[in-house]
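What follows is the content of model_5.txt (compact mmCIF, C-alpha atoms).
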# COMPACT_ATOMS: atom_id res chain seq x y z
CA MET A 1 141.94 45.45 86.66
CA THR A 2 141.44 43.10 89.57
CA LEU A 3 142.29 43.28 93.21
CA ILE A 4 142.31 40.22 95.44
CA LEU A 5 141.79 41.26 99.03
CA PRO A 6 143.09 39.30 102.04
CA ASP A 7 141.47 36.00 102.93
CA LYS A 8 139.97 35.82 99.42
CA LEU A 9 136.61 36.93 100.74
CA PHE A 10 136.30 39.79 98.27
CA HIS A 11 137.08 40.31 94.62
CA LEU A 12 136.95 43.74 93.05
CA ASP A 13 136.57 43.82 89.30
CA ARG A 14 134.82 46.14 86.87
CA LEU A 15 131.44 44.50 87.45
CA SER A 16 131.58 44.99 91.22
CA ILE A 17 132.96 48.54 90.92
CA ILE A 18 130.22 49.58 88.46
CA LEU A 19 127.46 48.16 90.65
CA MET A 20 128.95 49.60 93.85
CA ALA A 21 129.09 53.05 92.23
CA LEU A 22 125.49 52.65 91.06
CA VAL A 23 124.07 51.60 94.42
CA ILE A 24 126.01 54.28 96.33
CA PHE A 25 124.86 57.00 93.90
CA ILE A 26 121.23 55.83 94.03
CA GLY A 27 121.47 55.53 97.82
CA VAL A 28 122.69 59.14 98.13
CA CYS A 29 119.92 60.39 95.81
CA VAL A 30 117.22 58.44 97.69
CA GLY A 31 118.63 59.54 101.04
CA SER A 32 118.67 63.23 100.08
CA PHE A 33 115.07 62.90 98.78
CA ALA A 34 113.91 61.13 101.95
CA TYR A 35 115.65 63.73 104.13
CA ARG A 36 112.72 66.08 103.47
CA TYR A 37 110.07 63.63 102.25
CA LEU A 38 110.00 61.66 105.52
CA LYS A 39 110.64 64.56 107.89
CA GLY A 40 108.46 64.30 111.00
CA ASP A 41 107.84 60.59 110.51
CA THR A 42 108.29 58.35 113.56
CA GLN A 43 110.37 55.97 111.43
CA TYR A 44 112.67 58.74 110.18
CA ARG A 45 115.91 57.66 111.89
CA PRO A 46 115.30 53.89 111.58
CA PHE A 47 114.69 54.42 107.84
CA PHE A 48 118.13 55.99 107.33
CA PHE A 49 119.79 53.35 109.49
CA ARG A 50 118.20 50.53 107.48
CA LEU A 51 118.98 52.26 104.18
CA ALA A 52 122.67 52.60 105.13
CA VAL A 53 122.90 48.95 106.22
CA LEU A 54 121.09 47.89 103.05
CA ILE A 55 123.57 49.75 100.85
CA GLY A 56 126.45 48.24 102.85
CA SER A 57 125.06 44.73 102.41
CA VAL A 58 124.64 45.26 98.64
CA ILE A 59 128.25 46.47 98.43
CA ILE A 60 129.37 43.29 100.20
CA MET A 61 127.18 41.21 97.90
CA VAL A 62 128.60 42.59 94.65
CA SER A 63 132.21 42.39 95.85
CA ALA A 64 132.04 38.98 97.56
CA ASP A 65 134.26 36.21 96.26
CA HIS A 66 133.20 33.57 98.79
CA LEU A 67 129.97 31.68 98.11
CA LEU A 68 128.85 31.83 101.75
CA LEU A 69 129.56 35.55 102.04
CA LEU A 70 127.57 36.22 98.88
CA LEU A 71 124.65 34.16 100.18
CA ILE A 72 124.67 35.92 103.58
CA ALA A 73 124.79 39.38 101.96
CA TRP A 74 122.03 38.31 99.51
CA CYS A 75 119.72 37.22 102.36
CA LEU A 76 120.57 40.22 104.54
CA SER A 77 119.86 42.77 101.81
CA ASN A 78 116.54 41.11 100.91
CA GLY A 79 115.56 40.97 104.59
CA LEU A 80 116.32 44.66 104.98
CA LEU A 81 114.36 45.47 101.84
CA VAL A 82 111.31 43.64 103.21
CA ARG A 83 111.63 45.54 106.50
CA LEU A 84 111.76 48.81 104.59
CA MET A 85 108.75 47.75 102.50
CA ILE A 86 106.60 46.98 105.55
CA TYR A 87 107.75 50.29 107.05
CA LYS A 88 105.08 50.44 109.76
CA LYS A 89 103.64 47.30 111.25
CA ASN A 90 100.13 48.75 111.48
CA TRP A 91 99.99 49.34 107.72
CA LYS A 92 98.14 46.14 106.81
CA ALA A 93 98.56 46.37 103.04
CA ALA A 94 102.29 47.08 103.30
CA LYS A 95 102.63 44.15 105.70
CA ALA A 96 100.87 41.85 103.22
CA ALA A 97 103.18 43.10 100.45
CA GLY A 98 106.19 42.41 102.68
CA LEU A 99 104.91 38.90 103.39
CA LEU A 100 104.47 38.22 99.67
CA ALA A 101 107.99 39.51 98.94
CA THR A 102 109.38 37.41 101.82
CA LYS A 103 107.87 34.21 100.38
CA ASN A 104 109.41 35.06 97.00
CA PHE A 105 112.84 35.89 98.46
CA VAL A 106 112.86 32.77 100.67
CA TRP A 107 112.32 30.58 97.60
CA GLY A 108 115.03 32.55 95.81
CA ALA A 109 117.46 32.11 98.72
CA ILE A 110 116.73 28.37 98.86
CA TRP A 111 117.49 28.00 95.15
CA VAL A 112 120.66 30.11 95.35
CA ALA A 113 121.85 28.20 98.44
CA SER A 114 121.13 24.85 96.75
CA ALA A 115 123.07 26.02 93.69
CA PHE A 116 126.05 26.98 95.85
CA VAL A 117 126.00 23.61 97.63
CA LEU A 118 125.99 21.84 94.25
CA PHE A 119 128.85 24.05 92.99
CA TYR A 120 130.89 23.14 96.07
CA THR A 121 130.02 19.45 95.73
CA ALA A 122 131.05 19.39 92.07
CA THR A 123 134.24 21.45 92.27
CA GLY A 124 135.27 21.71 95.93
CA GLU A 125 135.68 25.46 95.41
CA THR A 126 134.26 28.21 97.59
CA SER A 127 135.90 31.02 95.61
CA ILE A 128 133.57 32.38 92.92
CA GLN A 129 136.50 33.38 90.70
CA ALA A 130 137.97 29.87 90.85
CA LEU A 131 134.52 28.44 90.19
CA VAL A 132 133.63 30.51 87.14
CA HIS A 133 136.91 29.68 85.43
CA GLN A 134 136.26 25.93 85.41
CA PRO A 135 137.04 24.71 81.87
CA THR A 136 134.06 22.33 81.51
CA LEU A 137 130.56 21.92 82.93
CA SER A 138 129.57 18.74 84.74
CA SER A 139 125.91 17.72 84.98
CA THR A 140 125.92 18.83 88.66
CA THR A 141 127.25 22.26 87.72
CA LEU A 142 124.61 22.52 85.01
CA LEU A 143 121.89 21.75 87.56
CA ALA A 144 123.39 24.38 89.87
CA LEU A 145 123.28 26.95 87.07
CA GLY A 146 119.59 26.13 86.53
CA LEU A 147 118.87 26.70 90.24
CA LEU A 148 120.89 29.91 90.20
CA LEU A 149 118.81 31.07 87.26
CA MET A 150 115.63 30.45 89.30
CA GLY A 151 117.09 32.50 92.16
CA ALA A 152 117.93 35.33 89.75
CA MET A 153 114.39 35.21 88.34
CA THR A 154 112.79 35.61 91.77
CA GLN A 155 115.03 38.59 92.54
CA SER A 156 114.49 40.40 89.23
CA ALA A 157 110.72 39.68 89.05
CA ILE A 158 110.98 37.65 85.87
CA TRP A 159 107.72 35.98 84.81
CA PRO A 160 106.24 33.94 86.56
CA PHE A 161 107.89 35.39 89.72
CA HIS A 162 106.65 38.96 89.15
CA ARG A 163 103.69 39.17 91.53
CA TRP A 164 105.68 40.44 94.52
CA LEU A 165 106.94 43.42 92.53
CA LEU A 166 103.51 44.49 91.25
CA SER A 167 102.18 44.19 94.83
CA SER A 168 104.93 46.25 96.46
CA LEU A 169 103.70 49.73 95.62
CA ASN A 170 102.26 50.76 98.97
CA SER A 171 105.78 51.16 100.34
CA PRO A 172 106.98 54.77 100.74
CA THR A 173 108.29 56.26 97.48
CA PRO A 174 112.00 56.30 98.57
CA VAL A 175 111.72 52.56 99.32
CA SER A 176 110.20 51.92 95.89
CA ALA A 177 113.05 53.90 94.32
CA ILE A 178 115.84 51.92 96.03
CA MET A 179 113.97 48.70 95.27
CA HIS A 180 113.47 49.37 91.55
CA ALA A 181 116.87 50.98 91.01
CA GLY A 182 118.94 48.78 93.30
CA LEU A 183 117.83 45.45 94.72
CA ILE A 184 115.88 44.34 91.67
CA ASN A 185 119.19 44.29 89.79
CA GLY A 186 120.40 41.44 92.02
CA GLY A 187 119.26 38.83 89.51
CA GLY A 188 121.18 40.48 86.68
CA PHE A 189 124.26 40.75 88.88
CA LEU A 190 124.08 37.05 89.75
CA LEU A 191 123.83 36.07 86.07
CA ALA A 192 126.72 38.40 85.13
CA ARG A 193 128.88 37.13 88.02
CA PHE A 194 128.50 33.53 86.84
CA ALA A 195 128.48 34.50 83.13
CA PRO A 196 131.58 32.46 82.15
CA LEU A 197 129.69 29.31 83.18
CA TYR A 198 126.44 30.32 81.46
CA LEU A 199 128.39 31.03 78.27
CA GLN A 200 129.33 27.34 78.20
CA SER A 201 125.67 26.29 78.09
CA PRO A 202 123.77 27.41 74.94
CA ALA A 203 120.61 25.65 76.17
CA LEU A 204 120.45 27.73 79.37
CA LEU A 205 121.15 30.88 77.37
CA THR A 206 118.17 30.05 75.14
CA VAL A 207 116.00 29.56 78.26
CA LEU A 208 117.09 33.04 79.38
CA VAL A 209 116.14 34.50 75.99
CA VAL A 210 112.66 32.92 75.99
CA LEU A 211 111.84 33.90 79.59
CA GLY A 212 113.28 37.37 79.03
CA PHE A 213 111.24 38.04 75.89
CA CYS A 214 108.03 36.79 77.60
CA THR A 215 108.69 39.09 80.59
CA ALA A 216 109.62 42.07 78.41
CA LEU A 217 106.48 41.77 76.30
CA LEU A 218 104.14 41.13 79.26
CA GLY A 219 105.60 43.92 81.41
CA THR A 220 105.46 46.44 78.59
CA LEU A 221 101.92 45.47 77.56
CA TRP A 222 100.68 45.62 81.17
CA LYS A 223 102.36 48.99 81.65
CA LEU A 224 100.13 50.48 78.95
CA MET A 225 96.99 49.37 80.83
CA GLN A 226 97.69 50.66 84.34
CA PRO A 227 95.60 53.51 85.77
CA ASP A 228 98.20 54.93 88.19
CA VAL A 229 101.79 56.04 87.82
CA LYS A 230 103.44 53.69 90.36
CA ARG A 231 101.80 50.60 88.83
CA MET A 232 102.95 51.76 85.41
CA LEU A 233 106.50 52.09 86.73
CA ALA A 234 106.38 48.65 88.35
CA CYS A 235 105.24 47.01 85.10
CA SER A 236 107.90 49.00 83.25
CA THR A 237 110.56 47.64 85.63
CA MET A 238 109.33 44.13 84.93
CA GLY A 239 109.62 44.73 81.18
CA GLN A 240 113.11 46.23 81.50
CA MET A 241 114.30 43.33 83.65
CA GLY A 242 112.97 41.00 80.96
CA PHE A 243 115.00 42.75 78.30
CA MET A 244 118.08 42.69 80.55
CA VAL A 245 117.69 38.89 80.85
CA VAL A 246 117.33 38.67 77.05
CA GLN A 247 120.71 40.39 76.70
CA CYS A 248 122.25 37.87 79.12
CA GLY A 249 120.74 35.08 77.01
CA LEU A 250 122.24 36.58 73.86
CA GLY A 251 125.68 36.17 75.46
CA LEU A 252 126.05 39.97 75.69
CA PHE A 253 126.52 40.36 79.45
CA PRO A 254 128.24 43.80 79.37
CA ALA A 255 125.22 45.14 77.45
CA ALA A 256 122.96 43.67 80.15
CA VAL A 257 125.00 45.38 82.90
CA ALA A 258 124.86 48.70 81.00
CA HIS A 259 121.10 48.24 80.77
CA LEU A 260 120.90 47.67 84.54
CA VAL A 261 122.78 50.90 85.19
CA TRP A 262 120.74 53.04 82.77
CA HIS A 263 117.50 51.53 84.01
CA GLY A 264 118.48 52.03 87.65
CA LEU A 265 119.22 55.70 87.08
CA PHE A 266 116.10 56.58 85.11
CA LYS A 267 113.77 54.48 87.24
CA ALA A 268 115.03 56.08 90.46
CA TYR A 269 114.36 59.48 88.88
CA LEU A 270 110.88 58.44 87.71
CA PHE A 271 109.89 57.09 91.14
CA LEU A 272 111.22 60.10 93.02
CA SER A 273 109.36 62.43 90.64
CA SER A 274 106.17 60.32 90.55
CA GLY A 275 104.44 62.77 92.92
CA SER A 276 104.66 65.40 90.17
CA ALA A 277 103.12 63.15 87.48
CA ALA A 278 99.82 65.08 87.50
CA GLN A 279 101.63 68.31 86.60
CA GLU A 280 103.50 66.86 83.62
CA LYS A 281 102.62 68.05 80.15
CA ARG A 282 100.79 65.48 78.07
CA VAL A 283 102.20 65.19 74.56
CA ASP A 284 99.78 64.12 71.84
CA LEU A 285 101.82 61.58 69.84
CA ARG A 286 99.25 61.66 67.02
CA TYR A 287 99.45 57.97 66.13
CA PRO A 288 99.37 56.58 63.51
CA PRO A 289 102.27 58.55 61.98
CA GLY A 290 102.09 59.69 58.35
CA PRO A 291 104.08 57.77 55.69
CA VAL A 292 106.74 60.53 55.34
CA ALA A 293 107.27 60.86 59.10
CA PHE A 294 107.43 57.08 59.53
CA SER A 295 109.91 56.68 56.67
CA CYS A 296 112.11 59.44 58.13
CA ALA A 297 111.92 57.73 61.54
CA LEU A 298 113.12 54.46 59.98
CA VAL A 299 116.08 56.31 58.39
CA CYS A 300 116.90 57.79 61.82
CA GLY A 301 116.56 54.30 63.34
CA SER A 302 119.11 52.96 60.83
CA ILE A 303 121.56 55.78 61.64
CA GLY A 304 121.03 55.35 65.40
CA SER A 305 121.59 51.58 65.28
CA PHE A 306 124.66 52.09 63.03
CA CYS A 307 126.18 54.57 65.52
CA PHE A 308 125.31 52.14 68.35
CA ALA A 309 127.15 49.35 66.50
CA ILE A 310 130.23 51.52 65.85
CA SER A 311 130.60 52.83 69.40
CA SER A 312 130.00 49.41 70.99
CA GLY A 313 132.48 47.73 68.63
CA LYS A 314 129.91 45.45 66.99
CA ALA A 315 129.17 44.61 63.37
CA TRP A 316 126.01 46.35 62.09
CA MET A 317 124.80 43.32 60.11
CA SER A 318 126.20 40.22 61.79
CA GLY A 319 124.97 36.65 61.64
CA ASP A 320 124.96 36.14 65.42
CA THR A 321 122.92 37.35 68.40
CA THR A 322 124.41 40.84 68.09
CA LEU A 323 121.85 41.27 65.30
CA VAL A 324 119.01 41.07 67.89
CA LEU A 325 120.57 43.86 69.95
CA ILE A 326 121.14 45.97 66.84
CA GLY A 327 117.49 45.33 65.89
CA VAL A 328 116.32 46.60 69.28
CA ALA A 329 118.60 49.64 68.92
CA PHE A 330 116.96 50.26 65.51
CA LEU A 331 113.43 50.11 67.00
CA THR A 332 114.45 52.33 69.94
CA ALA A 333 116.14 54.95 67.76
CA SER A 334 113.16 55.00 65.36
CA GLN A 335 110.76 55.54 68.26
CA PHE A 336 113.12 58.17 69.72
CA ALA A 337 112.97 60.12 66.43
CA LEU A 338 109.23 59.78 65.81
CA PRO A 339 107.94 62.56 68.13
CA MET A 340 110.47 64.97 66.57
CA LEU A 341 109.19 64.14 63.08
CA GLN A 342 105.44 64.22 63.63
CA SER A 343 105.13 67.69 62.12
CA LYS A 344 107.30 69.04 59.27
CA PRO A 345 109.24 65.75 59.03
CA LEU A 346 111.52 66.72 56.17
CA GLN A 347 112.59 70.02 57.75
CA ARG A 348 113.25 68.34 61.09
CA LEU A 349 115.03 65.32 59.63
CA PRO A 350 118.60 66.74 60.11
CA LEU A 351 117.92 67.47 63.78
CA ALA A 352 116.42 64.01 64.29
CA LEU A 353 119.39 62.39 62.53
CA ILE A 354 121.87 64.18 64.82
CA GLY A 355 119.77 63.32 67.88
CA THR A 356 119.47 59.62 67.09
CA GLY A 357 123.14 59.42 66.03
CA LEU A 358 124.26 60.85 69.39
CA PHE A 359 121.78 58.62 71.21
CA GLY A 360 123.25 55.55 69.48
CA LEU A 361 126.84 56.62 70.14
CA VAL A 362 126.30 57.23 73.86
CA TYR A 363 124.30 54.07 74.47
CA GLY A 364 126.72 51.98 72.43
CA ALA A 365 129.77 53.33 74.26
CA ALA A 366 128.19 52.34 77.57
CA SER A 367 127.37 48.84 76.33
CA SER A 368 130.84 47.89 75.13
CA MET B 1 133.99 45.46 80.92
CA ALA B 2 135.77 44.27 77.77
CA PRO B 3 138.73 42.67 79.66
CA MET B 4 136.33 40.35 81.51
CA GLY B 5 135.50 38.60 78.21
CA LEU B 6 131.77 38.47 78.87
CA MET B 7 130.71 39.67 75.40
CA GLN B 8 130.37 36.40 73.49
CA PRO B 9 127.59 36.54 70.86
CA GLN B 10 125.91 33.20 70.19
CA PRO B 11 124.72 31.71 66.88
CA LEU B 12 121.23 32.91 65.93
CA ASN B 13 118.34 30.47 66.39
CA GLY B 14 114.57 30.53 65.89
CA PHE B 15 113.87 31.83 69.43
CA HIS B 16 116.03 34.91 68.84
CA LEU B 17 114.31 35.67 65.54
CA ALA B 18 110.83 35.04 67.02
CA GLY B 19 111.64 37.40 69.90
CA ILE B 20 112.80 40.30 67.75
CA LEU B 21 109.85 39.72 65.38
CA ALA B 22 107.44 39.87 68.36
CA LEU B 23 109.01 43.14 69.57
CA THR B 24 108.77 44.63 66.07
CA LEU B 25 105.13 43.60 65.64
CA ALA B 26 104.28 44.96 69.11
CA TRP B 27 105.87 48.31 68.18
CA LEU B 28 104.11 48.50 64.81
CA SER B 29 100.73 47.58 66.30
CA ARG B 30 101.14 50.28 68.95
CA LEU B 31 101.81 52.79 66.17
CA PHE B 32 99.26 51.77 63.59
CA LEU B 33 96.38 49.90 65.26
CA PRO B 34 93.59 52.25 66.34
CA THR B 35 93.17 52.68 70.09
CA ALA B 36 89.88 51.79 71.80
CA ALA B 37 88.97 55.49 71.81
CA GLN B 38 89.56 55.77 68.04
CA ALA B 39 87.91 52.50 66.98
CA ALA B 40 84.15 52.44 66.39
CA SER B 41 83.93 49.05 68.12
CA SER B 42 86.35 46.38 69.29
CA PRO B 43 85.83 42.66 68.64
CA ASP B 44 84.87 40.47 71.60
CA TRP B 45 88.16 38.54 71.63
CA MET B 46 90.07 41.80 71.98
CA LEU B 47 87.89 43.01 74.88
CA LYS B 48 88.22 39.64 76.64
CA GLY B 49 91.97 39.67 76.08
CA TYR B 50 92.23 43.19 77.47
CA VAL B 51 90.30 42.30 80.64
CA THR B 52 92.32 39.09 81.11
CA ALA B 53 95.60 41.01 80.79
CA LEU B 54 94.37 43.78 83.08
CA ASN B 55 93.34 41.26 85.76
CA ALA B 56 96.64 39.38 85.45
CA SER B 57 98.60 42.58 86.06
CA GLN B 58 96.85 43.60 89.29
CA PRO B 59 98.55 43.47 92.71
CA HIS B 60 97.55 40.85 95.28
CA PRO B 61 94.16 41.94 96.77
CA ASP B 62 95.58 42.04 100.33
CA THR B 63 98.19 44.61 99.28
CA ILE B 64 95.71 47.22 98.04
CA THR B 65 94.83 50.04 100.42
CA THR B 66 91.10 50.42 99.96
CA HIS B 67 90.37 52.04 103.34
CA ARG B 68 92.59 54.93 104.27
CA ASN B 69 91.66 54.59 107.97
CA HIS B 70 94.02 51.58 108.11
CA TYR B 71 96.85 53.68 106.73
CA GLN B 72 97.54 56.33 109.33
CA TYR B 73 100.51 58.62 108.90
CA GLN B 74 102.14 58.91 112.33
Any chance you could put this one into structure tokens?
Amino acid sequence: MTLILPDKLFHLDRLSIILMALVIFIGVCVGSFAYRYLKGDTQYRPFFFRLAVLIGSVIIMVSADHLLLLLIAWCLSNGLLVRLMIYKKNWKAAKAAGLLATKNFVWGAIWVASAFVLFYTATGETSIQALVHQPTLSSTTLLALGLLLMGAMTQSAIWPFHRWLLSSLNSPTPVSAIMHAGLINGGGFLLARFAPLYLQSPALLTVLVVLGFCTALLGTLWKLMQPDVKRMLACSTMGQMGFMVVQCGLGLFPAAVAHLVWHGLFKAYLFLSSGSAAQEKRVDLRYPPGPVAFSCALVCGSIGSFCFAISSGKAWMSGDTTLVLIGVAFLTASQFALPMLQSKPLQRLPLALIGTGLFGLVYGAASS
Amino acid sequence: MAPMGLMQPQPLNGFHLAGILALTLAWLSRLFLPTAAQAASSPDWMLKGYVTALNASQPHPDTITTHRNHYQYQ
């Protein structure tokens, strides 16, 4: 399902349509939240103007087929994000956060631009579709892919380029929501757009796996230590971006895109509801779990990962990188079942089995 | 996204196995290791590691709003 628009500036495929739908949906949710949240603010109208232009620039970015158009949309959307982050020029902390993000995005733009120049030098192509269907990789193209990877890392706050994200929390909540649900996905989009080239380089895929695992572990560990809800969410975003990069490195790009979409949706919800965090019920997880509850959770994890494998069209026990994804699905489904099984585990086992089975089926269907 | 042909699993290597092992160990330690509140005392290396990780995860000092009088809502 592809559509080549006139002048070959744009290319609509499933990747661009999915990401356009995501960013428009998140934009509408954030806009309807900000409609009341920012009422009376002097920056009320400029906020909506910048938000609309930002969404437009992201739509151009994900549908661009020309290297220069993609680069311009990339820089424009990051510039608008920084302007939204600073929000008011007399907010010193927000201004410092914007400056930090600007430095990060400038480095990212330099690396992406250098990669595009190298792509053009090596192939003479400006069309991304023509570029990604090159049959072999030259050393120049390989270098360009490395630079593109650096650009993606700066955008998606992959370690060691994470500092700007953790420092961006004094922006208004709607800005944090569009940042964590929308613009942060730019790195994942860039990797998925150039995926056919990355798939030709096992060494670069391994680099993605290592950096992704480091970021996922660090972000998740740091999340557990944070004293306030927005810092927890920022560290959580870092961890989720790390796991998304791992999936790219495993050669499972559709799973990475599905992860971006799920993460974008739940993170936007969590940011927009962060003001209500103090009213949430605290559930005592009663760790460590008893041996019966833990064993039942492992059975549920097996069923959940099996359903995930079936609905995503993967083998449950394969000898390739699919096994890593199935392993993560097993851990996730086990953890999903554990709170249900903490008391009366044997009586609640059927309910937990149905719950984890459905969880695996839905997540697997989205990742295929 | 199946028609795009972007689902191409790679052969397993040591990095993949180390990564999934690290995730599994992290999950098990979260479940079974006692928290600071439950433990009678924590070894020095763990306390130092905790403080190091906590410091590494903090925002840049200039981006923290310590004085609300610089942060007027207008």
For A:Arg50, work out the shell of residues within 10 Å, counting all atoms listed in the file and skipping chain neighbours fewer than 6 positions away, then give it as a ChimeraX atom specification.
/A:56,77,80-81,83-84
Near chain A, meaning an atom within 8 Å, which residues of chain B appear when counting only C-alpha atoms? Write them as number ranges by chain.
B: 1-2, 6-12, 15-17, 19-20, 23-24, 27, 31-34, 53-54, 57-60, 62-65, 70-74
A:Ser139: which residues within 12 Å, counting only C-alpha atoms, same-chain residues fewer than 3 positions away excluded, as a ChimeraX atom specification?
/A:118-119,121-123,136,142-146,201
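The spacing separating atom CA of A:Val245 from atom CA of A:Ala203 amounts to 14.3 Å.
Between atom CA of A:Pro174 and atom CA of A:Ala34 lies a distance of 6.2 Å.
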Near stretch 65-67 of chain A, counting all atoms listed in the file, which residues have an atom at most 7 Å away, once you skip same-chain residues fewer than 2 positions from it, shown as a ChimeraX atom specification?
/A:8-11,63,69-71,116,126-129
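Distances here use only C-alpha atoms; by that measure, the residue among A:Leu68, A:Ala365, A:Val62, A:Leu76 closest to A:Glu125 is A:Leu68.
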Should you be able to, write stretch 247-254 of chain A of this structure into a file that contains all heavy atoms, as a tab-separated table (two decimals), in the first residue's frame.
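Generated file (result_36.tsv):
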chain	number	residue	atom	x	y	z
A	247	GLN	N	14.61	-3.54	20.17
A	247	GLN	CA	13.79	-4.24	19.16
A	247	GLN	C	14.27	-3.93	17.74
A	247	GLN	O	14.26	-4.80	16.88
A	247	GLN	CB	12.32	-3.88	19.33
A	247	GLN	CG	11.73	-4.48	20.60
A	247	GLN	CD	10.33	-3.99	20.89
A	247	GLN	OE1	9.36	-4.58	20.45
A	247	GLN	NE2	10.23	-2.90	21.61
A	248	CYS	N	14.70	-2.68	17.51
A	248	CYS	CA	15.30	-2.36	16.20
A	248	CYS	C	16.54	-3.22	15.99
A	248	CYS	O	16.76	-3.78	14.92
A	248	CYS	CB	15.68	-0.88	16.13
A	248	CYS	SG	14.27	0.25	16.13
A	249	GLY	N	17.38	-3.31	17.04
A	249	GLY	CA	18.62	-4.06	16.93
A	249	GLY	C	18.40	-5.56	16.74
A	249	GLY	O	19.26	-6.25	16.21
A	250	LEU	N	17.25	-6.04	17.18
A	250	LEU	CA	16.93	-7.47	16.99
A	250	LEU	C	16.48	-7.74	15.55
A	250	LEU	O	16.22	-8.89	15.18
A	250	LEU	CB	15.82	-7.90	17.96
A	250	LEU	CG	16.14	-7.82	19.46
A	250	LEU	CD1	14.91	-8.16	20.29
A	250	LEU	CD2	17.30	-8.74	19.82
A	251	GLY	N	16.32	-6.67	14.76
A	251	GLY	CA	15.82	-6.82	13.39
A	251	GLY	C	14.30	-6.89	13.35
A	251	GLY	O	13.73	-7.29	12.33
A	252	LEU	N	13.64	-6.51	14.44
A	252	LEU	CA	12.18	-6.61	14.53
A	252	LEU	C	11.57	-5.20	14.51
A	252	LEU	O	10.98	-4.75	15.50
A	252	LEU	CB	11.78	-7.38	15.79
A	252	LEU	CG	12.51	-8.70	16.02
A	252	LEU	CD1	12.15	-9.32	17.37
A	252	LEU	CD2	12.21	-9.69	14.90
A	253	PHE	N	11.73	-4.50	13.41
A	253	PHE	CA	11.32	-3.09	13.34
A	253	PHE	C	9.80	-2.88	13.52
A	253	PHE	O	9.40	-1.92	14.17
A	253	PHE	CB	11.82	-2.46	12.04
A	253	PHE	CG	13.29	-2.21	12.05
A	253	PHE	CD1	14.18	-3.17	11.59
A	253	PHE	CD2	13.81	-1.03	12.55
A	253	PHE	CE1	15.55	-2.96	11.61
A	253	PHE	CE2	15.17	-0.79	12.58
A	253	PHE	CZ	16.05	-1.77	12.11
A	254	PRO	N	8.94	-3.75	12.96
A	254	PRO	CA	7.50	-3.54	13.22
A	254	PRO	C	7.16	-3.62	14.71
A	254	PRO	O	6.30	-2.87	15.20
A	254	PRO	CB	6.83	-4.67	12.43
A	254	PRO	CG	7.78	-4.99	11.34
A	254	PRO	CD	9.14	-4.81	11.96
